[in-house]
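S.K.: Coordinates in final30.tsv, TSV, C-alpha atoms and all ligand atoms, are listed below.
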chain	number	residue	atom	x	y	z
A	1458	MET	CA	0.00	0.00	0.00
A	1459	PHE	CA	0.97	3.68	-0.58
A	1460	ASP	CA	4.73	3.96	-0.85
A	1461	ARG	CA	7.46	2.69	1.41
A	1462	ASN	CA	7.65	5.85	3.51
A	1463	SER	CA	4.02	6.37	4.35
A	1464	ALA	CA	1.93	4.99	7.20
A	1465	ALA	CA	-1.86	5.23	7.40
A	1466	ALA	CA	-3.30	8.25	9.21
A	1467	PHE	CA	-6.78	6.72	8.99
A	1468	GLU	CA	-7.82	3.09	8.68
A	1469	VAL	CA	-11.48	2.82	7.75
A	1470	ARG	CA	-12.95	-0.67	8.13
A	1471	GLY	CA	-16.43	-1.88	7.30
A	1472	LEU	CA	-17.84	1.66	7.49
A	1473	THR	CA	-21.56	1.66	6.80
A	1474	VAL	CA	-23.82	4.68	7.31
A	1475	ARG	CA	-27.58	4.35	7.21
A	1476	SER	CA	-30.47	6.76	7.36
A	1477	GLY	CA	-33.38	4.61	8.46
A	1478	ALA	CA	-33.78	1.85	5.85
A	1479	ARG	CA	-31.57	3.68	3.36
A	1480	THR	CA	-27.87	2.87	3.15
A	1481	ILE	CA	-25.78	5.95	2.36
A	1482	LEU	CA	-22.35	4.33	2.57
A	1483	HIS	CA	-21.81	0.61	2.39
A	1484	ASP	CA	-18.87	-1.31	3.83
A	1485	VAL	CA	-16.10	1.19	3.08
A	1486	ASN	CA	-12.57	-0.11	3.67
A	1487	LEU	CA	-9.93	2.52	3.04
A	1488	ASP	CA	-6.50	3.50	4.30
A	1489	ILE	CA	-5.58	7.18	4.07
A	1490	PRO	CA	-1.84	7.82	3.97
A	1491	ALA	CA	-0.25	10.18	6.50
A	1492	GLY	CA	1.43	13.32	5.22
A	1493	GLN	CA	0.02	12.99	1.71
A	1494	ILE	CA	-2.91	14.42	-0.20
A	1495	THR	CA	-5.76	11.98	-0.73
A	1496	GLY	CA	-8.38	13.02	-3.26
A	1497	ILE	CA	-11.91	11.70	-2.80
A	1498	ILE	CA	-13.79	11.76	-6.06
A	1499	GLY	CA	-17.14	10.46	-7.29
A	1500	PRO	CA	-20.56	11.59	-8.44
A	1501	SER	CA	-22.82	13.90	-6.47
A	1502	GLY	CA	-24.72	12.13	-3.70
A	1503	ALA	CA	-22.33	9.14	-3.58
A	1504	GLY	CA	-21.39	9.80	0.05
A	1505	LYS	CA	-18.06	11.66	-0.12
A	1506	SER	CA	-19.00	14.31	2.45
A	1507	THR	CA	-20.54	11.64	4.67
A	1508	LEU	CA	-17.24	9.75	4.65
A	1509	LEU	CA	-15.36	12.94	5.53
A	1510	ARG	CA	-17.75	13.63	8.40
A	1511	CYS	CA	-17.05	10.16	9.82
A	1512	LEU	CA	-13.32	10.90	9.98
A	1513	ASN	CA	-13.66	13.61	12.63
A	1514	ARG	CA	-17.03	12.51	14.01
A	1515	LEU	CA	-18.92	15.51	12.72
A	1516	ILE	CA	-21.37	12.76	11.78
A	1517	ASP	CA	-22.32	12.66	15.48
A	1518	LEU	CA	-24.17	15.92	14.85
A	1519	SER	CA	-26.64	13.96	12.67
A	1520	PRO	CA	-28.10	11.63	15.31
A	1521	SER	CA	-30.63	10.17	12.86
A	1522	LEU	CA	-27.76	8.44	11.01
A	1523	ASP	CA	-26.51	5.01	12.14
A	1524	VAL	CA	-22.79	4.40	11.82
A	1525	GLU	CA	-21.28	0.90	11.84
A	1526	GLY	CA	-17.69	-0.20	11.42
A	1527	THR	CA	-14.55	1.54	12.60
A	1528	VAL	CA	-12.43	4.55	11.77
A	1529	ARG	CA	-9.01	4.39	13.34
A	1530	PHE	CA	-7.05	7.62	13.52
A	1531	ALA	CA	-3.43	7.45	14.62
A	1532	GLY	CA	-4.11	3.82	15.54
A	1533	ARG	CA	-7.15	4.50	17.75
A	1534	ASP	CA	-10.87	3.98	17.11
A	1535	VAL	CA	-12.33	7.52	16.94
A	1536	ARG	CA	-15.52	6.30	18.62
A	1537	GLU	CA	-13.80	4.90	21.70
A	1538	SER	CA	-15.35	6.42	24.79
A	1539	ALA	CA	-11.95	7.79	25.82
A	1540	VAL	CA	-11.74	9.90	22.64
A	1541	ASP	CA	-12.92	13.47	23.18
A	1542	PRO	CA	-14.71	14.61	19.97
A	1543	ASP	CA	-13.55	18.22	20.45
A	1544	ASP	CA	-9.95	17.08	20.74
A	1545	LEU	CA	-10.40	14.84	17.69
A	1546	ARG	CA	-11.79	17.79	15.71
A	1547	ARG	CA	-8.85	19.94	16.72
A	1548	ARG	CA	-6.47	17.29	15.41
A	1549	VAL	CA	-8.63	16.67	12.34
A	1550	GLY	CA	-9.65	20.13	11.09
A	1551	ILE	CA	-12.18	20.70	8.34
A	1552	VAL	CA	-12.75	23.36	5.70
A	1553	PHE	CA	-16.13	23.45	3.98
A	1554	GLN	CA	-17.28	24.44	0.52
A	1555	GLN	CA	-18.45	27.88	1.67
A	1556	PRO	CA	-16.06	29.77	3.92
A	1557	VAL	CA	-17.20	30.24	7.49
A	1558	THR	CA	-16.30	33.76	8.60
A	1559	PHE	CA	-17.19	35.37	11.92
A	1560	PRO	CA	-17.82	39.07	12.49
A	1561	GLY	CA	-14.60	40.45	13.96
A	1562	THR	CA	-11.13	41.19	12.74
A	1563	ILE	CA	-8.97	39.06	10.48
A	1564	VAL	CA	-6.65	38.19	13.36
A	1565	ARG	CA	-9.56	37.31	15.64
A	1566	ASN	CA	-10.95	34.97	12.98
A	1567	VAL	CA	-7.65	33.11	12.83
A	1568	VAL	CA	-6.97	32.76	16.55
A	1569	PHE	CA	-10.52	32.51	17.91
A	1570	ALA	CA	-10.68	28.72	18.36
A	1571	ALA	CA	-7.03	28.43	19.37
A	1572	ARG	CA	-7.64	31.02	22.09
A	1573	LYS	CA	-10.77	29.26	23.28
A	1574	LEU	CA	-8.90	25.97	23.49
A	1575	GLY	CA	-6.10	27.66	25.45
A	1576	LEU	CA	-3.55	26.85	22.75
A	1577	VAL	CA	-2.25	30.41	22.63
A	1578	SER	CA	-1.99	33.36	25.01
A	1579	ARG	CA	-3.08	36.87	24.08
A	1580	LYS	CA	0.60	37.76	23.75
A	1581	GLY	CA	1.17	34.93	21.27
A	1582	GLU	CA	-1.82	35.79	19.08
A	1583	ALA	CA	-0.06	38.00	16.55
A	1584	GLU	CA	2.72	35.51	15.95
A	1585	LEU	CA	0.31	32.58	15.58
A	1586	ALA	CA	-1.91	34.59	13.20
A	1587	GLU	CA	1.06	35.51	11.02
A	1588	ARG	CA	2.31	31.93	10.82
A	1589	CYS	CA	-1.10	30.52	9.92
A	1590	LEU	CA	-1.89	33.28	7.43
A	1591	ARG	CA	1.46	32.63	5.76
A	1592	ASP	CA	0.78	28.89	5.65
A	1593	ALA	CA	-2.65	29.57	4.17
A	1594	GLY	CA	-1.11	31.77	1.46
A	1595	LEU	CA	-2.99	34.88	2.61
A	1596	TRP	CA	-0.41	36.87	4.57
A	1597	ASP	CA	0.80	39.15	1.81
A	1598	GLU	CA	-2.75	40.16	0.93
A	1599	VAL	CA	-3.84	41.03	4.47
A	1600	LYS	CA	-0.73	41.97	6.45
A	1601	ASP	CA	-1.60	45.68	6.26
A	1602	ARG	CA	-5.20	45.26	7.41
A	1603	LEU	CA	-5.11	42.61	10.11
A	1604	ARG	CA	-7.46	44.57	12.37
A	1605	LEU	CA	-10.09	45.17	9.70
A	1606	PRO	CA	-13.32	43.11	9.63
A	1607	ALA	CA	-12.75	39.69	8.09
A	1608	LEU	CA	-16.10	40.00	6.30
A	1609	SER	CA	-14.50	42.69	4.11
A	1610	LEU	CA	-12.36	40.01	2.43
A	1611	SER	CA	-13.29	38.41	-0.89
A	1612	VAL	CA	-14.80	34.91	-0.83
A	1613	GLY	CA	-11.49	33.39	-2.01
A	1614	GLN	CA	-9.63	35.23	0.74
A	1615	GLN	CA	-12.22	34.15	3.32
A	1616	GLN	CA	-11.70	30.53	2.26
A	1617	ARG	CA	-7.96	30.87	2.88
A	1618	LEU	CA	-8.82	32.56	6.19
A	1619	ALA	CA	-10.84	29.45	7.08
A	1620	ILE	CA	-7.77	27.35	6.28
A	1621	ALA	CA	-5.64	29.63	8.46
A	1622	ARG	CA	-8.15	29.19	11.30
A	1623	ALA	CA	-8.05	25.41	10.91
A	1624	LEU	CA	-4.24	25.52	10.94
A	1625	ALA	CA	-4.23	27.62	14.14
A	1626	GLY	CA	-5.36	24.53	16.03
A	1627	ASP	CA	-2.20	22.80	14.74
A	1628	PRO	CA	-4.15	19.87	13.29
A	1629	ASP	CA	-2.47	16.72	12.02
A	1630	VAL	CA	-5.11	16.45	9.32
A	1631	LEU	CA	-6.96	18.92	7.15
A	1632	LEU	CA	-10.21	17.72	5.60
A	1633	MET	CA	-11.27	19.88	2.67
A	1634	ASP	CA	-14.76	19.41	1.26
A	1635	GLU	CA	-14.86	21.00	-2.20
A	1636	PRO	CA	-12.88	23.98	-0.91
A	1637	THR	CA	-12.62	25.73	-4.25
A	1638	SER	CA	-16.02	25.12	-5.80
A	1639	ALA	CA	-17.19	28.66	-4.98
A	1640	LEU	CA	-13.96	30.32	-6.11
A	1641	ASP	CA	-12.51	31.95	-9.20
A	1642	PRO	CA	-9.43	30.45	-10.91
A	1643	ARG	CA	-6.97	32.75	-9.13
A	1644	SER	CA	-8.28	31.94	-5.66
A	1645	THR	CA	-8.46	28.27	-6.62
A	1646	GLU	CA	-4.81	28.35	-7.60
A	1647	ALA	CA	-3.90	30.01	-4.29
A	1648	ILE	CA	-5.68	27.26	-2.34
A	1649	GLU	CA	-4.07	24.54	-4.43
A	1650	GLN	CA	-0.66	26.07	-3.69
A	1651	THR	CA	-1.53	26.13	0.00
A	1652	ALA	CA	-2.50	22.44	-0.04
A	1653	SER	CA	0.67	21.54	-1.94
A	1654	ALA	CA	2.85	23.47	0.47
A	1655	LEU	CA	1.34	21.58	3.42
A	1656	ARG	CA	2.10	18.18	1.86
A	1657	GLY	CA	4.43	16.25	4.11
A	1658	ARG	CA	3.56	18.35	7.16
A	1659	LYS	CA	-0.18	17.57	7.26
A	1660	THR	CA	-2.39	14.78	6.05
A	1661	ILE	CA	-4.87	16.30	3.60
A	1662	VAL	CA	-8.12	14.72	2.46
A	1663	LEU	CA	-9.62	16.68	-0.41
A	1664	VAL	CA	-13.10	16.05	-1.76
A	1665	THR	CA	-13.32	17.55	-5.21
A	1666	HIS	CA	-15.42	17.43	-8.36
A	1667	HIS	CA	-12.58	19.03	-10.30
A	1668	LEU	CA	-10.85	16.01	-11.75
A	1669	GLU	CA	-7.98	18.12	-13.04
A	1670	GLN	CA	-7.53	19.48	-9.54
A	1671	ALA	CA	-7.45	15.95	-8.13
A	1672	ARG	CA	-4.86	15.00	-10.74
A	1673	ARG	CA	-2.74	18.06	-9.99
A	1674	LEU	CA	-2.79	17.68	-6.23
A	1675	ALA	CA	-3.52	14.18	-5.05
A	1676	ASP	CA	-0.96	11.49	-4.32
A	1677	TRP	CA	-3.64	8.94	-3.59
A	1678	ILE	CA	-7.20	8.76	-4.94
A	1679	ALA	CA	-10.33	7.10	-3.62
A	1680	CYS	CA	-13.35	6.91	-5.89
A	1681	ILE	CA	-16.81	6.51	-4.36
A	1682	CYS	CA	-19.83	5.79	-6.55
A	1683	ALA	CA	-23.42	4.90	-5.81
A	1684	VAL	CA	-24.31	1.30	-6.65
A	1685	ASP	CA	-28.02	0.53	-6.37
A	1686	GLY	CA	-28.39	3.85	-4.54
A	1687	ARG	CA	-25.77	3.22	-1.89
A	1688	GLY	CA	-22.27	4.66	-1.83
A	1689	GLU	CA	-19.41	2.20	-2.21
A	1690	LEU	CA	-15.68	2.63	-2.50
A	1691	MET	CA	-14.88	1.57	-6.03
A	1692	GLU	CA	-11.13	1.70	-5.76
A	1693	ALA	CA	-8.25	3.51	-4.14
A	1694	GLY	CA	-4.73	3.80	-5.43
A	1695	PHE	CA	-1.98	6.04	-6.70
A	1696	CYS	CA	-3.40	8.99	-8.55
A	1697	ALA	CA	-1.93	8.06	-11.93
A	1698	ASP	CA	-3.12	4.44	-11.61
A	1699	VAL	CA	-6.72	5.36	-10.82
A	1700	PHE	CA	-6.89	7.98	-13.56
A	1701	CYS	CA	-5.08	5.95	-16.22
A	1702	GLN	CA	-6.01	2.38	-15.35
A	1703	PRO	CA	-9.21	2.34	-13.31
A	1704	THR	CA	-10.23	-1.18	-12.39
A	1705	ARG	CA	-13.97	-0.63	-12.08
A	1706	ASP	CA	-16.49	0.23	-14.77
A	1707	GLU	CA	-18.15	2.74	-12.43
A	1708	THR	CA	-14.87	4.64	-12.01
A	1709	ARG	CA	-14.24	4.52	-15.74
A	1710	GLU	CA	-17.70	5.90	-16.43
A	1711	TYR	CA	-17.28	8.65	-13.83
A	1712	LEU	CA	-13.91	9.64	-15.22
A	1713	GLY	CA	-15.28	9.54	-18.75
A	1714	ILE	CA	-12.40	7.46	-19.97
A	1715	SER	CA	-12.76	6.23	-23.50
A	1716	GLY	CA	-9.53	4.34	-23.93
A	1717	ARG	CA	-7.32	7.41	-23.62
A	1718	CYS	CA	-5.57	8.46	-20.43
B	1801	LIG	N1	-28.18	13.71	7.74
B	1801	LIG	C1	-28.63	13.04	6.69
B	1801	LIG	N2	-29.85	12.45	6.72
B	1801	LIG	C2	-30.31	11.74	5.65
B	1801	LIG	N3	-29.64	11.59	4.51
B	1801	LIG	C3	-28.46	12.17	4.41
B	1801	LIG	C4	-27.86	12.92	5.48
B	1801	LIG	N4	-26.67	13.37	5.07
B	1801	LIG	C5	-26.50	12.94	3.82
B	1801	LIG	N5	-27.56	12.22	3.41
B	1801	LIG	C6	-27.74	11.60	2.10
B	1801	LIG	O1	-26.62	10.78	1.84
B	1801	LIG	C7	-26.29	10.81	0.46
B	1801	LIG	C8	-24.83	11.16	0.32
B	1801	LIG	O2	-24.67	12.52	0.71
B	1801	LIG	P1	-23.25	13.24	0.67
B	1801	LIG	O3	-23.49	14.65	1.05
B	1801	LIG	O4	-22.30	12.47	1.50
B	1801	LIG	O5	-22.87	13.10	-0.87
B	1801	LIG	P2	-21.66	13.73	-1.67
B	1801	LIG	O6	-20.98	12.62	-2.39
B	1801	LIG	O7	-20.85	14.56	-0.77
B	1801	LIG	O8	-22.41	14.65	-2.75
B	1801	LIG	P3	-21.97	16.07	-3.37
B	1801	LIG	O9	-20.87	15.75	-4.35
B	1801	LIG	O10	-23.22	16.56	-4.06
B	1801	LIG	O11	-21.53	16.96	-2.27
B	1801	LIG	C9	-27.24	11.80	-0.19
B	1801	LIG	O12	-28.28	11.10	-0.82
B	1801	LIG	C10	-27.74	12.62	0.98
B	1801	LIG	O13	-29.04	13.10	0.73
B	1802	MG	MG	-20.46	16.60	-0.60
Could I get this structure in the form of C-alpha cells?
Ligand SMILES: Nc1ncnc2c1ncn2[C@@H]1O[C@H](COP(=O)(O)OP(=O)(O)OP(=O)(O)O)[C@@H](O)[C@H]1O
Ligand SMILES: [Mg+2]
M.R.:
Amino acid sequence: MFDRNSAAAFEVRGLTVRSGARTILHDVNLDIPAGQITGIIGPSGAGKSTLLRCLNRLIDLSPSLDVEGTVRFAGRDVRESAVDPDDLRRRVGIVFQQPVTFPGTIVRNVVFAARKLGLVSRKGEAELAERCLRDAGLWDEVKDRLRLPALSLSVGQQQRLAIARALAGDPDVLLMDEPTSALDPRSTEAIEQTASALRGRKTIVLVTHHLEQARRLADWIACICAVDGRGELMEAGFCADVFCQPTRDETREYLGISGRC
C-alpha cells in the first residue's frame, strides 16, 4: 500500500452509514496515507462528504444516522469512549465548501478557536496569526489590514482565512470538502498552492469534483460511486493508476475514460 515511507493516518474498516432503511455508505474499507494528499472523487450524492464527516465525528451531529464499522485515527478507534470529539476535531480540522467567517477582525478569525482551546496566550496571538496566514497563502494580501473586519475580504480570501483558522489549532489532518467550488481560478490556484505546500507536514483529504484538480494535487485517490443507490468505494490507489487504469467500470464511467488516459 501507498509507498514505502508512508503509514496510514486513517484506517477505515467496514464503514456503513444508514439513514433509516436507506444505506448511504456501504462497507467502506480505506487506508488514508499520512502526510500525503488523498483526493476523494465520485458523483454527487455518492457519500463523499458523509465519509469525511465520519473521519472527525462531525457525523455525530446527525443523530438520525446510524454508523457501523470503525475509523481508526493514529491507531485508535475515533468512537472509543476515551476519545474526546472536540480534541479529535482539533487534530482533524475541516474546511467546507463555503467559507465560514465570523464578524470580527482578520486576526480574531484566525486565533478565535485556538484562544478558546487555550492553545495560545493573548501575547502569542499576533505571531500565531502571522504563521497561519502565511501557511494559508494569505499573509501578503492582508498583512496591512489585520485589524479590519474579516467580512470585508473576498470569498477566495475568506476561504484561505478558514484554512488559516483550521491551521491555528495545529491539526495533524486537514479535511477539505470542495474547498474551491465557490472560487474563481486565481483563488483556486492560491488554495491549491496552499495544499501543496502543506504536503508532508499535514495529512490532507480533499473532496473535489474538479478532476484536473485531483490529478494536480492528489498522491492517492479514492473513488466513491453509488451502486443501487448506496455509496461504495470503487477503488483507491496512486493517482496516476486510478486515472489511467481504473479497475472498475463505475470509475471509468465517472472519469469519462474512452480508452485514452
Ligand atoms: N443527515 C442526513 N440524513 C439523511 N440523509 C443524508 C444525510 N446526510 C446525507 N444524506 C444523504 O446521503 C447521500 C450522500 O450525501 P453526501 O453529502 O455524502 O454526498 P456527496 O458525495 O458529498 O455529494 P456532493 O458531491 O453533491 O456533495 C445523499 O443522498 C444525501 O441526501
Ligand atoms: Mg459533498
S.K.: Name the residues in contact with Thr1558 of chain A at a cut-off of 10 Å, using all atoms listed in the file, excluding same-chain residues fewer than 6 positions from it; report them as a ChimeraX atom specification.
M.R.: /A:1566-1567,1606-1608,1610,1612,1615-1616,1618-1619,1622
S.K.: At a cut-off of 12 Å, can you tabulate as JSON lines every residue of segment 1517-1586 of chain A near segment 1489-1500 of chain A together with its closest atom pair and the distance in Å to one decimal, using only C-alpha atoms and ordering rows by chain then number?
M.R.:
{"residue": "A:Val1528", "atom": "CA", "partner": "A:Ile1489", "partner_atom": "CA", "distance": 10.6}
{"residue": "A:Arg1529", "atom": "CA", "partner": "A:Ile1489", "partner_atom": "CA", "distance": 10.3}
{"residue": "A:Phe1530", "atom": "CA", "partner": "A:Ile1489", "partner_atom": "CA", "distance": 9.6}
{"residue": "A:Ala1531", "atom": "CA", "partner": "A:Ala1491", "partner_atom": "CA", "distance": 9.1}
{"residue": "A:Gly1532", "atom": "CA", "partner": "A:Ala1491", "partner_atom": "CA", "distance": 11.7}
S.K.: Could you pull out the residues sitting within 10 Å of ligand LIG 1801 (chain B), using only C-alpha atoms and all ligand atoms, and write them as a PDB file with C-alpha atoms, in the frame of the given file?
M.R.:
ATOM      1  CA  VAL A1474     -23.820   4.680   7.310  1.00  0.00           C
ATOM      2  CA  ARG A1475     -27.580   4.350   7.210  1.00  0.00           C
ATOM      3  CA  SER A1476     -30.470   6.760   7.360  1.00  0.00           C
ATOM      4  CA  GLY A1477     -33.380   4.610   8.460  1.00  0.00           C
ATOM      5  CA  ARG A1479     -31.570   3.680   3.360  1.00  0.00           C
ATOM      6  CA  THR A1480     -27.870   2.870   3.150  1.00  0.00           C
ATOM      7  CA  ILE A1481     -25.780   5.950   2.360  1.00  0.00           C
ATOM      8  CA  LEU A1482     -22.350   4.330   2.570  1.00  0.00           C
ATOM      9  CA  ILE A1497     -11.910  11.700  -2.800  1.00  0.00           C
ATOM     10  CA  ILE A1498     -13.790  11.760  -6.060  1.00  0.00           C
ATOM     11  CA  GLY A1499     -17.140  10.460  -7.290  1.00  0.00           C
ATOM     12  CA  PRO A1500     -20.560  11.590  -8.440  1.00  0.00           C
ATOM     13  CA  SER A1501     -22.820  13.900  -6.470  1.00  0.00           C
ATOM     14  CA  GLY A1502     -24.720  12.130  -3.700  1.00  0.00           C
ATOM     15  CA  ALA A1503     -22.330   9.140  -3.580  1.00  0.00           C
ATOM     16  CA  GLY A1504     -21.390   9.800   0.050  1.00  0.00           C
ATOM     17  CA  LYS A1505     -18.060  11.660  -0.120  1.00  0.00           C
ATOM     18  CA  SER A1506     -19.000  14.310   2.450  1.00  0.00           C
ATOM     19  CA  THR A1507     -20.540  11.640   4.670  1.00  0.00           C
ATOM     20  CA  LEU A1508     -17.240   9.750   4.650  1.00  0.00           C
ATOM     21  CA  LEU A1509     -15.360  12.940   5.530  1.00  0.00           C
ATOM     22  CA  ARG A1510     -17.750  13.630   8.400  1.00  0.00           C
ATOM     23  CA  ILE A1516     -21.370  12.760  11.780  1.00  0.00           C
ATOM     24  CA  ASP A1517     -22.320  12.660  15.480  1.00  0.00           C
ATOM     25  CA  LEU A1518     -24.170  15.920  14.850  1.00  0.00           C
ATOM     26  CA  SER A1519     -26.640  13.960  12.670  1.00  0.00           C
ATOM     27  CA  PRO A1520     -28.100  11.630  15.310  1.00  0.00           C
ATOM     28  CA  SER A1521     -30.630  10.170  12.860  1.00  0.00           C
ATOM     29  CA  LEU A1522     -27.760   8.440  11.010  1.00  0.00           C
ATOM     30  CA  ASP A1523     -26.510   5.010  12.140  1.00  0.00           C
ATOM     31  CA  GLN A1554     -17.280  24.440   0.520  1.00  0.00           C
ATOM     32  CA  ASP A1634     -14.760  19.410   1.260  1.00  0.00           C
ATOM     33  CA  GLU A1635     -14.860  21.000  -2.200  1.00  0.00           C
ATOM     34  CA  VAL A1664     -13.100  16.050  -1.760  1.00  0.00           C
ATOM     35  CA  THR A1665     -13.320  17.550  -5.210  1.00  0.00           C
ATOM     36  CA  HIS A1666     -15.420  17.430  -8.360  1.00  0.00           C
ATOM     37  CA  ILE A1681     -16.810   6.510  -4.360  1.00  0.00           C
ATOM     38  CA  CYS A1682     -19.830   5.790  -6.550  1.00  0.00           C
ATOM     39  CA  ALA A1683     -23.420   4.900  -5.810  1.00  0.00           C
ATOM     40  CA  GLY A1686     -28.390   3.850  -4.540  1.00  0.00           C
ATOM     41  CA  ARG A1687     -25.770   3.220  -1.890  1.00  0.00           C
ATOM     42  CA  GLY A1688     -22.270   4.660  -1.830  1.00  0.00           C
TER      43      GLY A1688
END
S.K.: To one decimal place, how far is atom CA of Val1564 of chain A from atom CA of Leu1512 of chain A in Å?
M.R.: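 Distance between the two atoms: 28.3 Å.
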S.K.: Counting all atoms listed in the file, figure out which residue out of A:Glu1669, A:Gln1555, A:Arg1617, A:Ala1583 gets nearest to ligand MG 1802 (chain B).
M.R.: A:Gln1555
S.K.: Using all atoms listed in the file, which residue out of A:Gly1626, A:Ala1478, A:Gly1613, A:Pro1636 lies closest to ligand MG 1802 (chain B)?
M.R.: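 Among the listed residues, the smallest separation from ligand MG 1802 (chain B) belongs to A:Pro1636.
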S.K.: Taking all atoms listed in the file into account, which of A:Leu1663, A:Arg1591, A:Gly1657, A:Val1540 comes nearest ligand MG 1802 (chain B)?
M.R.: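 Under the stated criterion, the closest residue is A:Leu1663.
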